[in-house]
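Q: Quick one, protein.json (JSON, C-alpha atoms (C1' of nucleotides)):
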[["chain", "number", "residue", "atom", "x", "y", "z"],
["A", 44, "MET", "CA", -27.98, 24.72, 6.87],
["A", 45, "ARG", "CA", -27.23, 27.40, 4.31],
["A", 46, "LEU", "CA", -23.52, 27.24, 3.63],
["A", 47, "SER", "CA", -21.91, 28.75, 0.58],
["A", 48, "ILE", "CA", -18.47, 28.10, -0.80],
["A", 49, "SER", "CA", -16.45, 29.80, -3.50],
["A", 50, "THR", "CA", -13.96, 27.93, -5.59],
["A", 51, "ASN", "CA", -12.12, 30.90, -6.99],
["A", 52, "THR", "CA", -10.85, 32.42, -3.78],
["A", 53, "GLY", "CA", -7.89, 30.19, -3.05],
["A", 54, "GLU", "CA", -9.34, 29.56, 0.38],
["A", 55, "PRO", "CA", -9.56, 25.77, 0.75],
["A", 56, "ILE", "CA", -13.11, 24.43, 0.78],
["A", 57, "PHE", "CA", -12.72, 22.54, 4.04],
["A", 58, "ARG", "CA", -11.48, 25.72, 5.69],
["A", 59, "GLN", "CA", -14.46, 27.69, 4.41],
["A", 60, "ILE", "CA", -16.76, 25.12, 5.95],
["A", 61, "VAL", "CA", -14.90, 25.26, 9.26],
["A", 62, "GLY", "CA", -15.09, 29.04, 9.30],
["A", 63, "GLN", "CA", -18.76, 29.29, 8.42],
["A", 64, "VAL", "CA", -19.89, 26.67, 10.89],
["A", 65, "SER", "CA", -17.75, 28.34, 13.56],
["A", 66, "ARG", "CA", -19.48, 31.64, 12.95],
["A", 67, "MET", "CA", -22.93, 30.08, 13.04],
["A", 68, "VAL", "CA", -22.14, 28.55, 16.42],
["A", 69, "TYR", "CA", -20.64, 31.83, 17.59],
["A", 70, "ARG", "CA", -23.77, 33.72, 16.58],
["A", 71, "GLY", "CA", -26.09, 31.20, 18.14],
["A", 72, "GLN", "CA", -27.58, 30.19, 14.80],
["A", 73, "LEU", "CA", -26.46, 26.73, 15.78],
["A", 74, "ARG", "CA", -27.02, 25.78, 19.42],
["A", 75, "VAL", "CA", -25.86, 22.97, 21.65],
["A", 76, "GLY", "CA", -27.56, 19.76, 20.60],
["A", 77, "ASP", "CA", -28.35, 20.88, 17.07],
["A", 78, "GLU", "CA", -27.63, 18.32, 14.40],
["A", 79, "LEU", "CA", -25.62, 19.24, 11.34],
["A", 80, "SER", "CA", -26.26, 18.16, 7.78],
["A", 81, "SER", "CA", -24.75, 14.75, 7.26],
["A", 82, "VAL", "CA", -21.42, 14.50, 5.52],
["A", 83, "ARG", "CA", -22.95, 13.08, 2.34],
["A", 84, "VAL", "CA", -25.90, 15.44, 2.24],
["A", 85, "LEU", "CA", -23.82, 18.58, 2.70],
["A", 86, "ALA", "CA", -21.32, 17.32, 0.15],
["A", 87, "GLU", "CA", -24.17, 16.89, -2.32],
["A", 88, "GLU", "CA", -25.53, 20.37, -1.59],
["A", 89, "LEU", "CA", -22.16, 22.03, -2.04],
["A", 90, "GLY", "CA", -21.17, 19.90, -4.98],
["A", 91, "VAL", "CA", -17.97, 18.73, -3.32],
["A", 92, "ASN", "CA", -16.54, 15.43, -2.25],
["A", 93, "PRO", "CA", -17.81, 13.86, 1.00],
["A", 94, "ASN", "CA", -14.22, 13.49, 2.16],
["A", 95, "THR", "CA", -13.84, 17.24, 2.09],
["A", 96, "VAL", "CA", -16.84, 17.77, 4.35],
["A", 97, "ALA", "CA", -15.71, 14.99, 6.66],
["A", 98, "ARG", "CA", -12.35, 16.66, 7.03],
["A", 99, "ALA", "CA", -13.97, 19.98, 7.92],
["A", 100, "TYR", "CA", -16.21, 18.35, 10.50],
["A", 101, "GLN", "CA", -13.27, 16.53, 12.06],
["A", 102, "GLU", "CA", -11.47, 19.83, 12.35],
["A", 103, "LEU", "CA", -14.48, 21.26, 14.17],
["A", 104, "VAL", "CA", -14.45, 18.31, 16.55],
["A", 105, "GLN", "CA", -10.77, 18.94, 17.25],
["A", 106, "GLY", "CA", -11.62, 22.58, 17.80],
["A", 107, "GLY", "CA", -14.13, 21.63, 20.47],
["A", 108, "LEU", "CA", -17.27, 22.84, 18.71],
["A", 109, "LEU", "CA", -18.80, 19.62, 17.45],
["A", 110, "GLU", "CA", -19.33, 16.08, 18.68],
["A", 111, "SER", "CA", -19.41, 13.05, 16.48],
["A", 112, "ARG", "CA", -21.88, 10.25, 17.20],
["A", 113, "PRO", "CA", -21.00, 7.48, 14.77],
["A", 114, "GLY", "CA", -24.04, 6.11, 13.04],
["A", 115, "ARG", "CA", -26.06, 9.14, 14.07],
["A", 116, "GLY", "CA", -24.39, 12.29, 12.87],
["A", 117, "PHE", "CA", -22.55, 15.42, 13.98],
["A", 118, "PHE", "CA", -23.97, 17.63, 16.70],
["A", 119, "VAL", "CA", -23.06, 20.93, 18.27],
["A", 120, "GLY", "CA", -21.49, 20.11, 21.62],
["A", 121, "GLU", "CA", -20.89, 21.94, 24.84],
["A", 122, "ARG", "CA", -17.89, 24.11, 24.07],
["A", 123, "ARG", "CA", -14.64, 22.41, 25.06],
["A", 124, "ASN", "CA", -11.25, 24.05, 25.39],
["A", 125, "THR", "CA", -9.08, 21.95, 23.15],
["A", 126, "PHE", "CA", -6.27, 24.44, 22.74],
["A", 127, "SER", "CA", -3.75, 25.53, 25.33],
["A", 128, "ASP", "CA", -3.80, 29.19, 26.27],
["A", 129, "GLU", "CA", -0.54, 29.68, 24.42],
["A", 130, "GLU", "CA", -1.78, 28.00, 21.28],
["A", 131, "ARG", "CA", -5.01, 29.94, 21.34],
["A", 132, "ALA", "CA", -3.18, 33.24, 21.86],
["A", 133, "ARG", "CA", -0.73, 32.38, 19.12],
["A", 134, "ARG", "CA", -3.48, 31.65, 16.61],
["A", 135, "LEU", "CA", -5.48, 34.72, 17.54],
["A", 136, "ASP", "CA", -2.39, 36.86, 17.16],
["A", 137, "ALA", "CA", -1.68, 35.38, 13.75],
["A", 138, "ALA", "CA", -5.26, 36.10, 12.69],
["A", 139, "VAL", "CA", -5.03, 39.73, 13.82],
["A", 140, "GLU", "CA", -1.72, 40.14, 12.07],
["A", 141, "SER", "CA", -3.05, 38.69, 8.85],
["A", 142, "PHE", "CA", -6.08, 40.96, 9.02],
["A", 143, "LEU", "CA", -4.01, 44.07, 9.62],
["A", 144, "GLN", "CA", -1.64, 43.18, 6.81],
["A", 145, "GLU", "CA", -4.49, 43.07, 4.35],
["A", 146, "ALA", "CA", -5.94, 46.30, 5.75],
["A", 147, "ALA", "CA", -2.54, 47.97, 5.41],
["A", 148, "PHE", "CA", -2.20, 46.70, 1.86],
["A", 149, "LEU", "CA", -5.55, 48.27, 1.07],
["A", 150, "GLY", "CA", -4.52, 51.47, 2.83],
["A", 151, "THR", "CA", -7.45, 51.35, 5.19],
["A", 152, "PRO", "CA", -7.36, 53.99, 7.96],
["A", 153, "ALA", "CA", -7.43, 52.70, 11.53],
["A", 154, "SER", "CA", -10.83, 54.24, 12.13],
["A", 155, "GLU", "CA", -12.26, 52.40, 9.16],
["A", 156, "ILE", "CA", -10.71, 49.14, 10.31],
["A", 157, "LYS", "CA", -12.43, 49.37, 13.66],
["A", 158, "ALA", "CA", -15.70, 50.41, 12.08],
["A", 159, "ALA", "CA", -15.71, 47.45, 9.72],
["A", 160, "LEU", "CA", -15.04, 45.06, 12.57],
["A", 161, "ASN", "CA", -17.57, 46.57, 14.95],
["A", 162, "SER", "CA", -20.28, 46.58, 12.35],
["A", 163, "LYS", "CA", -19.82, 42.87, 11.79],
["A", 164, "LEU", "CA", -19.66, 42.13, 15.49],
["A", 165, "LYS", "CA", -22.88, 43.99, 16.18],
["A", 166, "SER", "CA", -24.96, 43.05, 13.21],
["A", 167, "THR", "CA", -24.37, 39.38, 13.57],
["A", 168, "LEU", "CA", -24.13, 38.80, 17.30],
["B", 94, "MET", "CA", 14.96, 45.82, 5.91],
["B", 95, "ARG", "CA", 14.23, 43.22, 8.56],
["B", 96, "LEU", "CA", 11.70, 40.85, 7.10],
["B", 97, "SER", "CA", 11.05, 37.41, 8.48],
["B", 98, "ILE", "CA", 9.25, 34.55, 6.82],
["B", 99, "SER", "CA", 8.05, 31.21, 8.08],
["B", 100, "THR", "CA", 7.85, 28.20, 5.85],
["B", 101, "ASN", "CA", 5.68, 26.02, 8.06],
["B", 102, "THR", "CA", 2.61, 28.21, 8.25],
["B", 103, "GLY", "CA", 0.98, 27.45, 4.92],
["B", 104, "GLU", "CA", 0.95, 31.17, 4.20],
["B", 105, "PRO", "CA", 2.69, 31.63, 0.82],
["B", 106, "ILE", "CA", 6.05, 33.36, 1.05],
["B", 107, "PHE", "CA", 5.21, 36.05, -1.49],
["B", 108, "ARG", "CA", 2.10, 36.89, 0.49],
["B", 109, "GLN", "CA", 4.07, 37.20, 3.70],
["B", 110, "ILE", "CA", 6.38, 39.67, 2.01],
["B", 111, "VAL", "CA", 3.47, 41.68, 0.66],
["B", 112, "GLY", "CA", 1.87, 41.82, 4.08],
["B", 113, "GLN", "CA", 4.99, 42.78, 5.96],
["B", 114, "VAL", "CA", 6.04, 45.50, 3.56],
["B", 115, "SER", "CA", 2.47, 46.82, 3.60],
["B", 116, "ARG", "CA", 2.57, 47.10, 7.36],
["B", 117, "MET", "CA", 5.94, 48.83, 7.34],
["B", 118, "VAL", "CA", 4.59, 51.42, 4.93],
["B", 119, "TYR", "CA", 1.43, 51.72, 7.00],
["B", 120, "ARG", "CA", 3.44, 52.34, 10.15],
["B", 121, "GLY", "CA", 5.76, 54.81, 8.47],
["B", 122, "GLN", "CA", 8.79, 52.61, 8.90],
["B", 123, "LEU", "CA", 9.10, 52.94, 5.16],
["B", 124, "ARG", "CA", 8.46, 56.41, 3.74],
["B", 125, "VAL", "CA", 7.86, 57.80, 0.29],
["B", 126, "GLY", "CA", 11.09, 57.70, -1.66],
["B", 127, "ASP", "CA", 12.71, 54.97, 0.39],
["B", 128, "GLU", "CA", 14.43, 52.26, -1.59],
["B", 129, "LEU", "CA", 13.74, 48.62, -0.90],
["B", 130, "SER", "CA", 16.23, 45.81, -0.82],
["B", 131, "SER", "CA", 16.82, 44.61, -4.35],
["B", 132, "VAL", "CA", 15.06, 41.49, -5.51],
["B", 133, "ARG", "CA", 18.23, 39.43, -5.46],
["B", 134, "VAL", "CA", 19.55, 40.77, -2.17],
["B", 135, "LEU", "CA", 16.31, 40.20, -0.29],
["B", 136, "ALA", "CA", 15.99, 36.75, -1.83],
["B", 137, "GLU", "CA", 19.47, 35.96, -0.56],
["B", 138, "GLU", "CA", 18.65, 37.27, 2.92],
["B", 139, "LEU", "CA", 15.45, 35.27, 3.17],
["B", 140, "GLY", "CA", 16.89, 32.19, 1.53],
["B", 141, "VAL", "CA", 14.22, 32.12, -1.15],
["B", 142, "ASN", "CA", 14.13, 32.37, -4.90],
["B", 143, "PRO", "CA", 14.44, 35.83, -6.50],
["B", 144, "ASN", "CA", 11.31, 35.13, -8.51],
["B", 145, "THR", "CA", 9.32, 34.88, -5.30],
["B", 146, "VAL", "CA", 10.48, 38.31, -4.14],
["B", 147, "ALA", "CA", 9.87, 39.79, -7.55],
["B", 148, "ARG", "CA", 6.34, 38.51, -7.50],
["B", 149, "ALA", "CA", 5.71, 40.06, -4.10],
["B", 150, "TYR", "CA", 7.10, 43.41, -5.23],
["B", 151, "GLN", "CA", 4.97, 43.34, -8.36],
["B", 152, "GLU", "CA", 1.94, 42.76, -6.20],
["B", 153, "LEU", "CA", 2.87, 45.80, -4.14],
["B", 154, "VAL", "CA", 3.19, 47.87, -7.31],
["B", 155, "GLN", "CA", -0.27, 46.73, -8.36],
["B", 156, "GLY", "CA", -1.50, 47.64, -4.90],
["B", 157, "GLY", "CA", -0.22, 51.18, -5.35],
["B", 158, "LEU", "CA", 2.42, 51.13, -2.60],
["B", 159, "LEU", "CA", 5.62, 50.75, -4.59],
["B", 160, "GLU", "CA", 7.12, 52.07, -7.80],
["B", 161, "SER", "CA", 9.48, 50.16, -10.00],
["B", 162, "ARG", "CA", 12.35, 51.95, -11.68],
["B", 163, "PRO", "CA", 13.92, 49.39, -14.00],
["B", 164, "GLY", "CA", 17.66, 49.26, -13.61],
["B", 165, "ARG", "CA", 17.48, 51.17, -10.35],
["B", 166, "GLY", "CA", 15.25, 49.35, -7.91],
["B", 167, "PHE", "CA", 11.93, 49.46, -6.09],
["B", 168, "PHE", "CA", 10.89, 52.55, -4.16],
["B", 169, "VAL", "CA", 8.03, 53.51, -1.90],
["B", 170, "GLY", "CA", 5.76, 55.68, -3.99],
["B", 171, "GLU", "CA", 3.09, 58.23, -3.29],
["B", 172, "ARG", "CA", 0.08, 56.13, -2.39],
["B", 173, "ARG", "CA", -2.10, 55.47, -5.43],
["B", 174, "ASN", "CA", -5.64, 54.16, -5.41],
["B", 175, "THR", "CA", -5.43, 51.18, -7.69],
["B", 176, "PHE", "CA", -8.61, 49.51, -6.51],
["B", 177, "SER", "CA", -12.15, 50.62, -7.13],
["B", 178, "ASP", "CA", -14.17, 51.46, -4.04],
["B", 179, "GLU", "CA", -16.19, 48.31, -4.56],
["B", 180, "GLU", "CA", -13.12, 46.12, -4.89],
["B", 181, "ARG", "CA", -11.52, 47.66, -1.86],
["B", 182, "ALA", "CA", -14.68, 47.23, 0.20],
["B", 183, "ARG", "CA", -15.04, 43.68, -0.97],
["B", 184, "ARG", "CA", -11.50, 42.76, 0.02],
["B", 185, "LEU", "CA", -11.74, 44.48, 3.37],
["B", 186, "ASP", "CA", -14.98, 42.67, 4.07],
["B", 187, "ALA", "CA", -13.41, 39.35, 3.16],
["B", 188, "ALA", "CA", -10.51, 40.08, 5.51],
["B", 189, "VAL", "CA", -12.82, 40.92, 8.38],
["B", 190, "GLU", "CA", -14.87, 37.83, 7.73],
["B", 191, "SER", "CA", -11.81, 35.62, 7.66],
["B", 192, "PHE", "CA", -10.57, 37.14, 10.89],
["B", 193, "LEU", "CA", -13.89, 36.67, 12.65],
["B", 194, "GLN", "CA", -14.14, 33.10, 11.45],
["B", 195, "GLU", "CA", -10.84, 32.23, 13.08],
["B", 196, "ALA", "CA", -11.82, 34.10, 16.25],
["B", 197, "ALA", "CA", -15.13, 32.22, 16.35],
["B", 198, "PHE", "CA", -13.35, 28.92, 15.82],
["B", 199, "LEU", "CA", -11.14, 29.73, 18.79],
["B", 200, "GLY", "CA", -14.16, 30.80, 20.82],
["B", 201, "THR", "CA", -12.78, 34.24, 21.46],
["B", 202, "PRO", "CA", -15.22, 36.62, 23.21],
["B", 203, "ALA", "CA", -16.04, 39.82, 21.35],
["B", 204, "SER", "CA", -14.34, 41.90, 24.02],
["B", 205, "GLU", "CA", -11.14, 39.97, 23.60],
["B", 206, "ILE", "CA", -11.32, 40.31, 19.84],
["B", 207, "LYS", "CA", -11.47, 44.07, 20.07],
["B", 208, "ALA", "CA", -8.75, 44.16, 22.68],
["B", 209, "ALA", "CA", -6.38, 42.12, 20.54],
["B", 210, "LEU", "CA", -6.97, 44.37, 17.57],
["B", 211, "ASN", "CA", -6.69, 47.63, 19.47],
["B", 212, "SER", "CA", -3.48, 46.58, 21.14],
["B", 213, "LYS", "CA", -1.87, 45.92, 17.76],
["B", 214, "LEU", "CA", -3.21, 49.13, 16.29],
["B", 215, "LYS", "CA", -1.82, 51.20, 19.13],
["B", 216, "SER", "CA", 1.48, 49.54, 19.73],
["B", 217, "THR", "CA", 2.53, 49.64, 16.12],
["B", 218, "LEU", "CA", 0.96, 52.79, 14.74],
["C", 164, "DA", "C1'", -33.85, -5.65, 6.16],
["C", 165, "DG", "C1'", -32.91, -1.39, 4.37],
["C", 166, "DA", "C1'", -31.32, 3.12, 4.60],
["C", 167, "DC", "C1'", -29.26, 6.06, 6.72],
["C", 168, "DT", "C1'", -25.08, 7.62, 9.73],
["C", 169, "DG", "C1'", -19.56, 8.27, 10.59],
["C", 170, "DT", "C1'", -14.99, 6.22, 9.57],
["C", 171, "DA", "C1'", -11.09, 4.47, 7.04],
["C", 172, "DT", "C1'", -8.05, 3.52, 3.19],
["C", 173, "DT", "C1'", -5.63, 3.94, -1.06],
["C", 174, "DA", "C1'", -4.83, 5.88, -5.41],
["C", 175, "DT", "C1'", -5.28, 9.58, -8.57],
["C", 176, "DT", "C1'", -5.87, 14.18, -10.19],
["C", 177, "DT", "C1'", -5.41, 18.98, -9.85],
["C", 178, "DT", "C1'", -3.75, 23.22, -8.51],
["C", 179, "DC", "C1'", -0.40, 26.39, -7.01],
["C", 180, "DA", "C1'", 3.66, 28.05, -4.86],
["C", 181, "DT", "C1'", 8.28, 27.67, -5.45],
["C", 182, "DT", "C1'", 12.56, 26.65, -7.42],
["C", 183, "DC", "C1'", 15.96, 26.51, -11.14],
["C", 184, "DA", "C1'", 18.22, 28.13, -15.03],
["C", 185, "DT", "C1'", 18.66, 31.54, -18.31],
["C", 186, "DA", "C1'", 18.43, 35.61, -20.88],
["C", 187, "DC", "C1'", 17.79, 40.53, -21.95],
["C", 188, "DA", "C1'", 17.69, 45.55, -21.22],
["C", 189, "DG", "C1'", 18.19, 49.78, -18.41],
["C", 190, "DA", "C1'", 21.17, 52.31, -14.98],
["C", 191, "DT", "C1'", 25.42, 53.39, -12.68],
["C", 192, "DG", "C1'", 30.13, 54.13, -11.32],
["C", 193, "DG", "C1'", 34.97, 53.46, -11.98],
["D", 268, "DC", "C1'", 33.70, 51.29, -22.11],
["D", 269, "DC", "C1'", 33.11, 47.81, -19.13],
["D", 270, "DA", "C1'", 31.78, 45.49, -15.10],
["D", 271, "DT", "C1'", 28.11, 45.18, -12.13],
["D", 272, "DC", "C1'", 24.41, 46.26, -10.37],
["D", 273, "DT", "C1'", 19.14, 46.82, -11.21],
["D", 274, "DG", "C1'", 14.21, 44.96, -12.93],
["D", 275, "DT", "C1'", 11.87, 41.84, -16.31],
["D", 276, "DA", "C1'", 10.66, 37.69, -18.76],
["D", 277, "DT", "C1'", 10.33, 32.87, -19.87],
["D", 278, "DG", "C1'", 9.89, 27.95, -19.57],
["D", 279, "DA", "C1'", 10.60, 23.74, -17.22],
["D", 280, "DA", "C1'", 10.72, 21.02, -13.09],
["D", 281, "DT", "C1'", 9.62, 20.15, -8.32],
["D", 282, "DG", "C1'", 6.86, 19.72, -4.22],
["D", 283, "DA", "C1'", 3.12, 20.03, -1.35],
["D", 284, "DA", "C1'", -1.57, 20.24, -0.44],
["D", 285, "DA", "C1'", -6.34, 20.04, -1.65],
["D", 286, "DA", "C1'", -9.71, 17.62, -3.68],
["D", 287, "DT", "C1'", -11.71, 13.71, -6.00],
["D", 288, "DA", "C1'", -12.78, 8.91, -6.65],
["D", 289, "DA", "C1'", -14.00, 4.38, -5.39],
["D", 290, "DT", "C1'", -14.80, 1.32, -1.92],
["D", 291, "DA", "C1'", -15.49, -0.88, 2.37],
["D", 292, "DC", "C1'", -16.94, -1.49, 7.24],
["D", 293, "DA", "C1'", -19.51, -0.72, 11.45],
["D", 294, "DG", "C1'", -23.04, 1.64, 14.24],
["D", 295, "DT", "C1'", -28.04, 3.47, 14.48],
["D", 296, "DC", "C1'", -32.71, 3.88, 13.47],
["D", 297, "DT", "C1'", -37.30, 2.67, 11.64]]
Just give me the structure as structure tokens.

A:
Amino acid sequence: MRLSISTNTGEPIFRQIVGQVSRMVYRGQLRVGDELSSVRVLAEELGVNPNTVARAYQELVQGGLLESRPGRGFFVGERRNTFSDEERARRLDAAVESFLQEAAFLGTPASEIKAALNSKLKSTL
Amino acid sequence: MRLSISTNTGEPIFRQIVGQVSRMVYRGQLRVGDELSSVRVLAEELGVNPNTVARAYQELVQGGLLESRPGRGFFVGERRNTFSDEERARRLDAAVESFLQEAAFLGTPASEIKAALNSKLKSTL
DNA sequence: AGACTGTATTATTTTCATTCATACAGATGG
DNA sequence: CCATCTGTATGAATGAAAATAATACAGTCT
């Protein structure tokens, strides 16, 4: 399933997994019905504890991207809206704000900010 | 200086300060030569430890936004490039990636992603 | 039956942000 | 000159969260 984690970034491992799987679903690299690596297998591949993977997968279930079939595995599900409009807007706003704060810290011009975003949106979707 | 922090978000306080000051400089709400609230005063205002504010300010000095004048205070300085092009590109890329991961997790359409970003770029700059 | 799956629980370790308590030196104004 | 601001530095303690570890149990599949 080709996931990669970094341990030096401060970004929690379970959150890295959530983010990467989210993007793979978003891009269509993972489609409805696809089965994910099992908790234990992915944990082995990444060299982390199974509990950590399980937590990430649970988060993705809560987020409406995955379905759990006990005894079988985790599968990409039909997208469900698990957040209220307010909650979703609030989280998106926080994400934008966080992004712009880092861009401002780096002194990145607005044009360059848009370019960086657009390039990633086009090249991967 | 109107800064606001939240303690429930998981985002470290010192990082919130760095981000907010960065944005104020980026917007021009803080201009070259302007003096910032002193470490102890801002700490009092925010109800946090002076060390936390000091750490944030130090980070902003490292980032090339502020200058420290011992015994006098912190001031907005002429913007210095303290990061190599590679480092800057790397950090910007990481920020974009993090942003897109959250957007993907929320299932936000590309059009909405751009809209959210553009609205913040226009309304504040 | 055996080997996988997810799930659950409890305890422990680790890491990091934050607080607390001081202390010291430079700058400033009365 | 002295009081009071400023930044800087240090070391210890606290707290919270992530991650690990060790099991155990139940469902599924061949």

Q: Please superimpose chain B on chain A using every C-alpha atom, paired by order, in a least-squares fit, and write the moved chain as a tab-separated table (two decimals) with C-alpha atoms, in the frame of the given file.

A:
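Printed below is selection_0.tsv as written:
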chain	number	residue	atom	x	y	z
B	94	MET	CA	-28.02	24.64	6.93
B	95	ARG	CA	-27.31	27.34	4.39
B	96	LEU	CA	-23.61	27.23	3.68
B	97	SER	CA	-22.04	28.78	0.63
B	98	ILE	CA	-18.60	28.16	-0.77
B	99	SER	CA	-16.60	29.86	-3.47
B	100	THR	CA	-14.11	28.00	-5.56
B	101	ASN	CA	-12.29	30.97	-7.03
B	102	THR	CA	-11.01	32.54	-3.85
B	103	GLY	CA	-8.01	30.35	-3.12
B	104	GLU	CA	-9.46	29.69	0.33
B	105	PRO	CA	-9.65	25.89	0.71
B	106	ILE	CA	-13.18	24.53	0.77
B	107	PHE	CA	-12.76	22.64	4.03
B	108	ARG	CA	-11.55	25.83	5.67
B	109	GLN	CA	-14.54	27.77	4.42
B	110	ILE	CA	-16.82	25.18	5.98
B	111	VAL	CA	-14.95	25.31	9.27
B	112	GLY	CA	-15.17	29.08	9.34
B	113	GLN	CA	-18.83	29.30	8.46
B	114	VAL	CA	-19.95	26.67	10.93
B	115	SER	CA	-17.81	28.34	13.59
B	116	ARG	CA	-19.56	31.63	13.00
B	117	MET	CA	-23.00	30.05	13.10
B	118	VAL	CA	-22.19	28.51	16.46
B	119	TYR	CA	-20.72	31.80	17.62
B	120	ARG	CA	-23.87	33.67	16.65
B	121	GLY	CA	-26.16	31.09	18.20
B	122	GLN	CA	-27.65	30.09	14.89
B	123	LEU	CA	-26.52	26.62	15.84
B	124	ARG	CA	-27.08	25.63	19.47
B	125	VAL	CA	-25.86	22.84	21.68
B	126	GLY	CA	-27.53	19.62	20.64
B	127	ASP	CA	-28.34	20.71	17.12
B	128	GLU	CA	-27.59	18.18	14.42
B	129	LEU	CA	-25.61	19.14	11.36
B	130	SER	CA	-26.25	18.08	7.82
B	131	SER	CA	-24.70	14.69	7.26
B	132	VAL	CA	-21.37	14.49	5.51
B	133	ARG	CA	-22.89	13.09	2.34
B	134	VAL	CA	-25.90	15.39	2.26
B	135	LEU	CA	-23.87	18.56	2.73
B	136	ALA	CA	-21.36	17.36	0.16
B	137	GLU	CA	-24.22	16.89	-2.28
B	138	GLU	CA	-25.62	20.35	-1.52
B	139	LEU	CA	-22.28	22.06	-1.98
B	140	GLY	CA	-21.28	19.96	-4.96
B	141	VAL	CA	-18.06	18.82	-3.32
B	142	ASN	CA	-16.58	15.53	-2.26
B	143	PRO	CA	-17.80	13.94	1.00
B	144	ASN	CA	-14.21	13.61	2.13
B	145	THR	CA	-13.85	17.38	2.07
B	146	VAL	CA	-16.86	17.84	4.35
B	147	ALA	CA	-15.68	15.09	6.64
B	148	ARG	CA	-12.35	16.77	7.00
B	149	ALA	CA	-13.98	20.07	7.91
B	150	TYR	CA	-16.19	18.40	10.51
B	151	GLN	CA	-13.21	16.61	12.01
B	152	GLU	CA	-11.46	19.92	12.33
B	153	LEU	CA	-14.47	21.30	14.17
B	154	VAL	CA	-14.40	18.32	16.53
B	155	GLN	CA	-10.74	19.00	17.22
B	156	GLY	CA	-11.62	22.63	17.80
B	157	GLY	CA	-14.12	21.61	20.47
B	158	LEU	CA	-17.28	22.83	18.73
B	159	LEU	CA	-18.78	19.60	17.46
B	160	GLU	CA	-19.26	16.05	18.67
B	161	SER	CA	-19.29	13.02	16.46
B	162	ARG	CA	-21.69	10.19	17.18
B	163	PRO	CA	-20.75	7.43	14.75
B	164	GLY	CA	-23.76	6.05	12.97
B	165	ARG	CA	-25.86	9.01	14.04
B	166	GLY	CA	-24.26	12.22	12.86
B	167	PHE	CA	-22.47	15.36	13.97
B	168	PHE	CA	-23.91	17.53	16.72
B	169	VAL	CA	-23.06	20.85	18.30
B	170	GLY	CA	-21.47	20.03	21.62
B	171	GLU	CA	-20.88	21.86	24.84
B	172	ARG	CA	-17.91	24.06	24.08
B	173	ARG	CA	-14.65	22.38	25.07
B	174	ASN	CA	-11.28	24.04	25.41
B	175	THR	CA	-9.10	21.94	23.18
B	176	PHE	CA	-6.31	24.47	22.80
B	177	SER	CA	-3.82	25.54	25.41
B	178	ASP	CA	-3.91	29.21	26.35
B	179	GLU	CA	-0.63	29.70	24.54
B	180	GLU	CA	-1.85	28.01	21.38
B	181	ARG	CA	-5.07	29.95	21.42
B	182	ALA	CA	-3.24	33.24	21.94
B	183	ARG	CA	-0.80	32.39	19.21
B	184	ARG	CA	-3.53	31.64	16.69
B	185	LEU	CA	-5.53	34.71	17.60
B	186	ASP	CA	-2.43	36.84	17.22
B	187	ALA	CA	-1.71	35.34	13.83
B	188	ALA	CA	-5.28	36.08	12.74
B	189	VAL	CA	-5.05	39.68	13.85
B	190	GLU	CA	-1.73	40.08	12.14
B	191	SER	CA	-3.04	38.62	8.91
B	192	PHE	CA	-6.04	40.90	9.04
B	193	LEU	CA	-3.95	44.00	9.65
B	194	GLN	CA	-1.58	43.07	6.87
B	195	GLU	CA	-4.40	43.00	4.36
B	196	ALA	CA	-5.82	46.25	5.75
B	197	ALA	CA	-2.39	47.89	5.47
B	198	PHE	CA	-2.00	46.62	1.93
B	199	LEU	CA	-5.32	48.23	1.07
B	200	GLY	CA	-4.31	51.41	2.86
B	201	THR	CA	-7.28	51.32	5.17
B	202	PRO	CA	-7.22	53.98	7.93
B	203	ALA	CA	-7.33	52.68	11.49
B	204	SER	CA	-10.74	54.25	12.03
B	205	GLU	CA	-12.15	52.42	9.06
B	206	ILE	CA	-10.63	49.16	10.24
B	207	LYS	CA	-12.39	49.41	13.57
B	208	ALA	CA	-15.62	50.47	11.94
B	209	ALA	CA	-15.62	47.49	9.59
B	210	LEU	CA	-15.01	45.11	12.46
B	211	ASN	CA	-17.55	46.64	14.81
B	212	SER	CA	-20.24	46.65	12.17
B	213	LYS	CA	-19.80	42.91	11.62
B	214	LEU	CA	-19.68	42.21	15.33
B	215	LYS	CA	-22.90	44.07	15.96
B	216	SER	CA	-24.93	43.09	12.97
B	217	THR	CA	-24.32	39.40	13.38
B	218	LEU	CA	-24.03	38.88	17.12

Q: Could you pull the residues within 7 Å of DT273 (chain D), counting only C-alpha atoms (C1' of nucleotides), minus those fewer than 3 positions along the same chain, as JSON, numbers by chain?

A: {"B": [163, 164, 165, 166], "C": [190]}

Q: Specify as an MDAnalysis selection string all residues of chain A found within 9 Å of chain D, counting only C-alpha atoms (C1' of nucleotides).

A: chainID A and resid 55:57 91:92 94:95 113:115

Q: To one decimal place, how far is CA of Glu102 (chain A) from CA of Asn101 (chain B) in Å?

A: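 Pair CA of Glu102 (chain A) / CA of Asn101 (chain B) returns 18.7 Å.
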
Q: Please indicate the distance in Å from CA of Leu109 (chain A) to CA of Glu121 (chain A), rounded to one decimal place.

A: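 Answer for the CA of Leu109 (chain A) to CA of Glu121 (chain A) separation: 8.0 Å.
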
Q: Tell me as a count of residues only which residues belonging to chain A come within 7 Å of chain B, counting all atoms listed in the file.

A: 18

Q: Each residue of chain C lying at most 9 Å from chain B should get a row with its shortest atom-to-atom pair and the distance in Å to one decimal, counting all atoms listed in the file; could you produce that, ordered by chain and increasing number, as a tab-separated table?

A:
residue	atom	partner	partner_atom	distance
C:DA180	C1'	B:Pro105	CA	6.8
C:DT181	C1'	B:Thr145	CA	7.3
C:DT182	C1'	B:Asn142	CA	6.4
C:DC183	C1'	B:Asn142	CA	8.8
C:DA188	C1'	B:Gly164	CA	8.5
C:DG189	C1'	B:Gly164	CA	4.9
C:DA190	C1'	B:Gly164	CA	4.8
C:DT191	C1'	B:Arg165	CA	8.6
